[in-house]
Every structure is written in C-alpha cells, then in structure tokens.
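Data block below; observations after.
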Amino acid sequence: MRFQLLIKGGTVVDGSGAPAYAADVRVSDGRITEIGANLQAGVGERVIDATGCFVTPGFIETHNHWDGGVWWSPNMEPLPAYGVTTSINGNCAFSMAPLPDKPEDRENLIEIFNFFEDIPEEPMKKLVPWDWSRWSEYKQSMLRNVRVPVNYAAFCGHIPIRLSVMGQEAWKRAATPDEIEQMCVLLDDALAAGAMGLSSNQLDYDKHDRPLPSQLADDAEYEALLRVLARYEGATFQVIVDHFMRMTGPDQTERLGRIAKATGVRMQWAGLPTLKFQAEIGKRSKVLHERFKAEGLDFYTGFHHVSPTSVINFSRSLVFAQNGNQVWQNMVDAPTWNEKSAMLSDPAWLDRARVAWDGSYSHSYLHDPSALTLRESESGWGPVGLTLADLMEQTGTAHPSDALARWVLENGAESVVHKRSWEADEEVLVDLLRDPNSVGNISDAGAHGKMFCGAGDNVYLLTDFVRDRKLLTIEEGVHVLTGKLAAFFGLEQRGLLQVGKVADITVFDLDEIERRPEEKIWDVWDGRGGRTYRYTRAAAPMRLTLVNGVPTFDNGAFTGRFPGEFVGPEKSGVLTAATG
C-alpha cells in the first residue's frame, strides 16, 4: 500500500544537531517530499497531529544481535514501539555467514551465538534454514524468507570466516598465506553484497575457556582482510576489545589501530571504558582515543550510555565466565539438572567453587553479596526478594558460594538472581556523547533474552539525559541516535529529516515516553513443543514510527507491517533490497 502522510504541528529535530524548529513534514511513497510551515493536506493524505511532539529521524541501533531472532521473532518487538527504524547486526565477530561446510564447525558457530549472546540453540538449529555458504547467499536467503519491520544491516564476522577456511584449526593457530587468501575471498563476497564491514573480537573466551578464533589471527591476517575492506567506501572494521576481564584493550586497540591506519580503513573499537572501576585502564585508552583524533584518523570508539546489568539463571548464562569464575560456569553449562545438582551437593565441587569465587576478577560483584538479589524461584521454595548477603546472615552461612549453591539446589536451574549495575562514570559518558569520534547506543538488543532487554535504551537517553537531568539538549540527544550514526555507517539516505531522504521517522511526546520496566514473556520456541521466556518491555510509546514511509507503530500498537529493507553502506554503491 502507498502511504501519503502529513505530520502537522510538531517540532522538527532533524538529526543534524541543528536547532529544533516548528514545521510540518509531508511523506509520499516512502520519501520526505516537503518540510515547511502551515502545509495544507492534499487529497487522500492522512494528517498526523503532532502538536506537542518532536518529529525526528528514526533511531538507529548500532549494535544488535537479532541475527538469529529475526527467523522466529520477525516483529523484532519492542523496537518499533521505541522509534527504531534501523538495526545493525553481525557484531562482535559473530555472524550467520559465511557458513562452514563441516558439522562440527557449524556447531561451533551456533554454540558461540548461544553462549555469548544467549540466542536459543533449538530455534537456531531447527528454524533457521542454513541454506547458504557465502555471505551473499545468506543475504539472498534473508530476502526470500524473512520480513522485518525495521531496516536490517549486518557485518561479516571474523569467526565464521576463520571456521569456514580453517575448521577446528581456527581455534589453535595463525593462518597460512593460502588460508588468508581464502578468507579474503569470503570477505570480498560479503562486502560486494552489502555487508557493513568486518567485525572482529579480541575480548571473549568460550565456555571451555578458550580464546575465540579471531584472537589467533596475526598481523598478516588482519592486514590482508583490512586491505580488502579498504576497497569498499563506507565499510567499517569493528573490533571488540577487553576493558573488562583480562584488560588487554589498550594493547589490542593500539595494535589494530596501527594496521587500520596503514590500510586506510575506518575503525570502530568498543570501547572507551565508562565504568568507575575501569578508571585506570580508561586513562590509557583515552590517550589512544585523543591521539587517533589528533592524527585525523577515521577511528571511533563505541560505548553505551546504560551501565551493564543482568539477571543470572543457572540453565544458560555467561556471567560467571565473564567474571573469571570457571567452576560455577561449568555448573551452569552442565546440560541436565541431575548433573547440576550433583555438583551443587558435592563437597569437592563446593571446595573448588569457593576458591574460584574468591579468585573472580577484583571488580566482580561476586565479591559483594549485597549486589546479588534473589529474584525468582523455579520451585517456589525461596526465599526471594532478599540479597545473597541477607541469605548468608539468615542461614549463618560463611561463604557466598555455599549460600548460593544451597539456594540453587533448592530452587532450580531456572531461578533468577539479579546483579546490580556497575557505577558509571558520568563525566566520561557525557564527553563521549558529545565526542565527534564516538558511536553510541550499543544496546545488544536481540541478545541475552534471559539476562536483560537492551531494546528501549535509546529512549532512556532521551528521558534521563535530556528530559530529566538536562545533561544534553534534545538536539544533541537525537543527533547521537540518528544523524551521527547514519553518517558513520554510510547510511546516506537515513538519519536526517531532509526533503528527498527516505522517510524513516518517529514522532513522540517527550513527556509521554519512558523506557518501560522489563517484562518476562514466554514466547520463544524451546524445541520440545513448549515455550521458554525472554525479557521485553511495554511500548514507550511513540506516537508514530515510519520505516521507509510505512507506519510500523501507530495508534499505540505495532501495525503488523514489515517494510524493512536489507541495507548496506550506501556509499559503497551497493543497492538495498526490500525484505518484505
């Protein structure tokens, strides 16, 4: 259906950072056709009353993991209700393509998504067709099989490239010159088909405590891949570095920044530390960030304006591994309750668990039992609503590991513990929000469905930082979520309210919207005929969200329309193709 709309009486914040102004906005056939004062409605044109509202470009999610979820939750709920019009995926070196030939290597790929991003394993195995080999074939399968309500973009991940070429050797060693050449062919295929760029990972270790395959890449491999990337204008090299666990972030940023500089590519590194416990290592990375800017390099630091928090369940969670506690992680990764309960009641395991708990990273909240709240009991036994410190006092238990082990044993693997957010360094955050060489809104939406819901964090920027505490102006807040990001990712037709641009638009009353509380809903197929849960949020709500000129959230509800396109860097000359 063709939509002809006139958005009247609103205040336009155009995404550029320029001052807001009163104007009407006309939309026709997916484009912005007119912006001006007192525009008159034409025949067949629907009028949207935007009195008291801001009219802005649609919001861009810079770092999502909907790669799997779009195959079984194509509504991408609640993104439309939060004004999101573009979602960028394939981050952290994790992408759905290229797809390795051997079953063991394919299993690794699914396991990586499952462990690191909490993407459910059974739907990944049984609902995704996996009818591709190269990234270009993956895109064609998406176009055939998936319709989405937001524009969808994806990086090509370094890990599936390595697994496709090297198999299990990707976990063990550097690549040979011949293998590097094969990797370059796969990356070139992806970039030619419209991939956002190459994503890599110098942060994570898997559930067996092995460094991910991308960490085995030497300088020769990175240089060859980035030289392929350099041939595609607008494409990006994204790398996730470690300011959290082993604290190698500054060294890896400097190393890969040197290679990116030599090859002339745009680099996004995540990211400059924003938490107070990261202050010392943050000083080193801040020096690098300022040096890169002073040298005029096309390097940007990625960050998020929401301090990380999570809930822990004992069926699937990576929290213990990322806090340096492999013994508890091994219990979480045990596939059956009988195996878990055997560990939790074994004196020898309990001894090891205490040692591992005490050896967790110094900043870990495992060292502060008052930061862990017992939220939900699977069995109903309880207690719930108190902290682990409270439980220790009530039961006379001396060690938090022992207290939690007994609680999990009595309450079940699907019981939930909430971990307090780390304290953010607000001065660093506000500086980054205003920094021209930064990429914000790294929400991880679409991932970690049983740990938290990153969707909606964009609205929190507008309510907390702009409306409530006035740390930013509305023009600055909208720019951070729209025009700044579109310019970085080469999405030249999006991110700005200008005549001729694609009509990705959202309309909202700043006093009406909120990042709503997390809600637990049971709508994810579990592979056994039932459903498991994920966290989501009620609508902000926006008054209207348009994607390519089509309403996706309207009159307080999702419209059931899927006008999203599979987009790539428009600077590269790659044409976008509609997914539905």
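In the structure tokens, chains take letters A, B, ... by order of appearance, with residues numbered from 1 within each chain and ligands from 1 in the order shown.
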### Query
Got a sec to tell me which of region 198-307 of chain A DSSP assigns to strand (DSSP E or B), as a list of chain:residue names?
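Selecting the strand (DSSP E or B) positions of region 198-307 of chain A gives A:Leu198, A:Ser199, A:Ser200, A:Asn201, A:Tyr205, A:Pro211, A:Thr236, A:Phe237, A:Gln238, A:Val239, A:Ile240, A:Arg266, A:Met267, A:Gln268, A:Trp269, A:Ala270, A:Leu275, A:Phe299, A:Tyr300, A:Thr301, A:Gly302.
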### Task
List every residue of region 103-237 of chain A that DSSP, applied to the backbone of this structure, places in helix (DSSP H, G or I), and write the result as JSON, numbers by chain.
{"A": [103, 104, 105, 106, 107, 108, 109, 110, 111, 112, 113, 114, 115, 116, 117, 121, 122, 123, 124, 125, 126, 135, 136, 137, 138, 139, 140, 141, 142, 143, 144, 145, 158, 159, 160, 161, 162, 163, 164, 165, 166, 167, 168, 169, 170, 171, 177, 178, 179, 180, 181, 182, 183, 184, 185, 186, 187, 188, 189, 190, 191, 192, 213, 214, 215, 216, 219, 220, 221, 222, 223, 224, 225, 226, 227, 228, 229]}
### Query
Contacts of Leu374 (chain A) at 10 Å or less, counting only C-alpha atoms, minus same-chain residues fewer than 5 places along, as a list in words?
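Answer for this query is Val311, Ile312, Gly382, Pro383, Val384, Gly385, Leu386, Thr387, Leu388, Asp390, Leu391, Leu404, Trp407, Val408, Ser415, Val416, Val417, His418 and Lys419 of chain A.
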What would the file look like if the residues just selected were written as a JSON list (two decimals), in the first residue's frame with C-alpha atoms?
```
[["chain", "number", "residue", "atom", "x", "y", "z"],
["A", 311, "VAL", "CA", 20.00, -11.40, 35.62],
["A", 312, "ILE", "CA", 21.62, -14.75, 36.15],
["A", 382, "GLY", "CA", 12.57, -19.44, 48.04],
["A", 383, "PRO", "CA", 13.43, -17.26, 49.75],
["A", 384, "VAL", "CA", 13.25, -14.45, 47.18],
["A", 385, "GLY", "CA", 13.34, -10.67, 47.38],
["A", 386, "LEU", "CA", 16.46, -10.53, 49.53],
["A", 387, "THR", "CA", 20.14, -10.29, 48.73],
["A", 388, "LEU", "CA", 22.69, -13.06, 48.91],
["A", 390, "ASP", "CA", 20.83, -11.32, 53.63],
["A", 391, "LEU", "CA", 20.58, -15.06, 52.93],
["A", 404, "LEU", "CA", 24.12, -19.63, 46.55],
["A", 407, "TRP", "CA", 19.72, -21.80, 47.20],
["A", 408, "VAL", "CA", 20.07, -23.03, 43.59],
["A", 415, "SER", "CA", 15.71, -19.50, 39.21],
["A", 416, "VAL", "CA", 16.91, -15.95, 38.75],
["A", 417, "VAL", "CA", 19.42, -13.74, 40.54],
["A", 418, "HIS", "CA", 19.69, -10.05, 39.67],
["A", 419, "LYS", "CA", 23.14, -8.46, 39.57]]
```
### Message
Show me, as a list in words, the residues that have an atom within 7 Å of region 451-464 of chain A when counting only C-alpha atoms, minus same-chain residues fewer than 2 positions from it.
### Response
Pro78, Leu79, Tyr82, Ser310, Val311, Ile312, Asn441, Ser443, Asp444, Ala445, His448, Gly449, Val466, Arg467, Asp468, Arg469, Gly477, Glu514, Arg515, Glu518, Tyr535 and Thr536 of chain A
### Task
Fewer than 6 positions away in the same chain doesn't count, so skip those; otherwise give me all residues within 12 Å of Glu233 (chain A), counting only C-alpha atoms, as a ChimeraX atom specification.
/A:191-192,194-197,227,264-266,488-491,568-574
Please write the residues from the selection above to a file, keeping C-alpha atoms, as a compact mmCIF listing (two decimals), in the first residue's frame.
```txt
# COMPACT_ATOMS: atom_id res chain seq x y z
CA LEU A 191 31.32 -6.62 1.09
CA ALA A 192 30.28 -6.79 -2.55
CA GLY A 194 26.43 -5.08 1.04
CA ALA A 195 27.87 -6.17 4.39
CA MET A 196 28.56 -3.27 6.74
CA GLY A 197 32.16 -4.38 7.06
CA ARG A 227 43.13 -4.28 2.60
CA GLY A 264 43.32 3.29 5.42
CA VAL A 265 40.11 1.79 6.80
CA ARG A 266 37.52 3.19 9.16
CA PHE A 488 29.33 6.90 10.42
CA PHE A 489 27.77 3.79 8.86
CA GLY A 490 27.42 5.32 5.40
CA LEU A 491 23.61 5.27 5.51
CA GLY A 568 24.38 -1.73 3.50
CA PRO A 569 26.71 1.24 3.30
CA GLU A 570 25.12 3.37 0.59
CA LYS A 571 28.48 4.99 -0.11
CA SER A 572 29.71 1.68 -1.49
CA GLY A 573 27.20 1.81 -4.31
CA VAL A 574 25.56 -1.43 -3.22
```
### Query
Restricting the calculation to only C-alpha atoms, which member of A:His208, A:Arg543, A:Lys139, A:Arg434 is positioned closest to Leu481 (chain A)?
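Looking only at the distances to Leu481 (chain A), the closest residue turns out to be A:Arg434.
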### Query
Which is closest to Phe237 (chain A) among A:Cys92, A:Val13, A:Leu288, A:Leu203, if we use only C-alpha atoms?
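Selected residue with least distance to Phe237 (chain A): A:Cys92.
Between Ile161 (chain A) and the residues A:Leu99, A:Leu229, A:Met542, A:Leu216, the shortest atom-to-atom distance, using only C-alpha atoms, involves A:Leu99.
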### Top pick for closest residue to Ala270 (chain A), considering A:Leu544, A:Ala342, A:Leu109, A:Ile442 and counting only C-alpha atoms
A:Ile442
### Among the residues A:Ala18, A:Ala260, A:Val507, A:Val547, the one that comes closest to Val55 (chain A) [using only C-alpha atoms]
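The answer is A:Val507, which sits nearest to Val55 (chain A).
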### Task
Rank nothing, just name the residue among A:Ala424, A:Val47, A:Ile513, A:Leu226 nearest to Arg258 (chain A), using only C-alpha atoms.
A:Leu226
### Message
Env of Pro369 (chain A): 9 Å cut, atoms = only C-alpha atoms, seq-sep filter 3 positions within chain, self excluded. Answer as a list in words.
### Response
Tyr365, Leu366, Leu372, Thr373, Thr387, Leu388, Ala389, Asp390, Met392 and Pro400 of chain A
### Summary
Expressed in Å, the length from CA of His289 (chain A) to CA of Leu471 (chain A) is 22.6 Å
### Message
Just the number, please: distance in Å from CA of Val567 (chain A) to CA of Ile112 (chain A), one decimal.
### Response
24.9 Å
### Selection near Arg26 (chain A), 8 Å with only C-alpha atoms, sequence-local residues under 3 positions removed, as a list in words
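Once the nearby chain positions are removed, what remains is Gln4, Leu5, Leu6, Ile7, Ile32, Thr33, Glu34 and Ile35 of chain A.
Rounded to one decimal, CA of Gln182 (chain A) and CA of Glu221 (chain A) lie 10.8 Å from each other.
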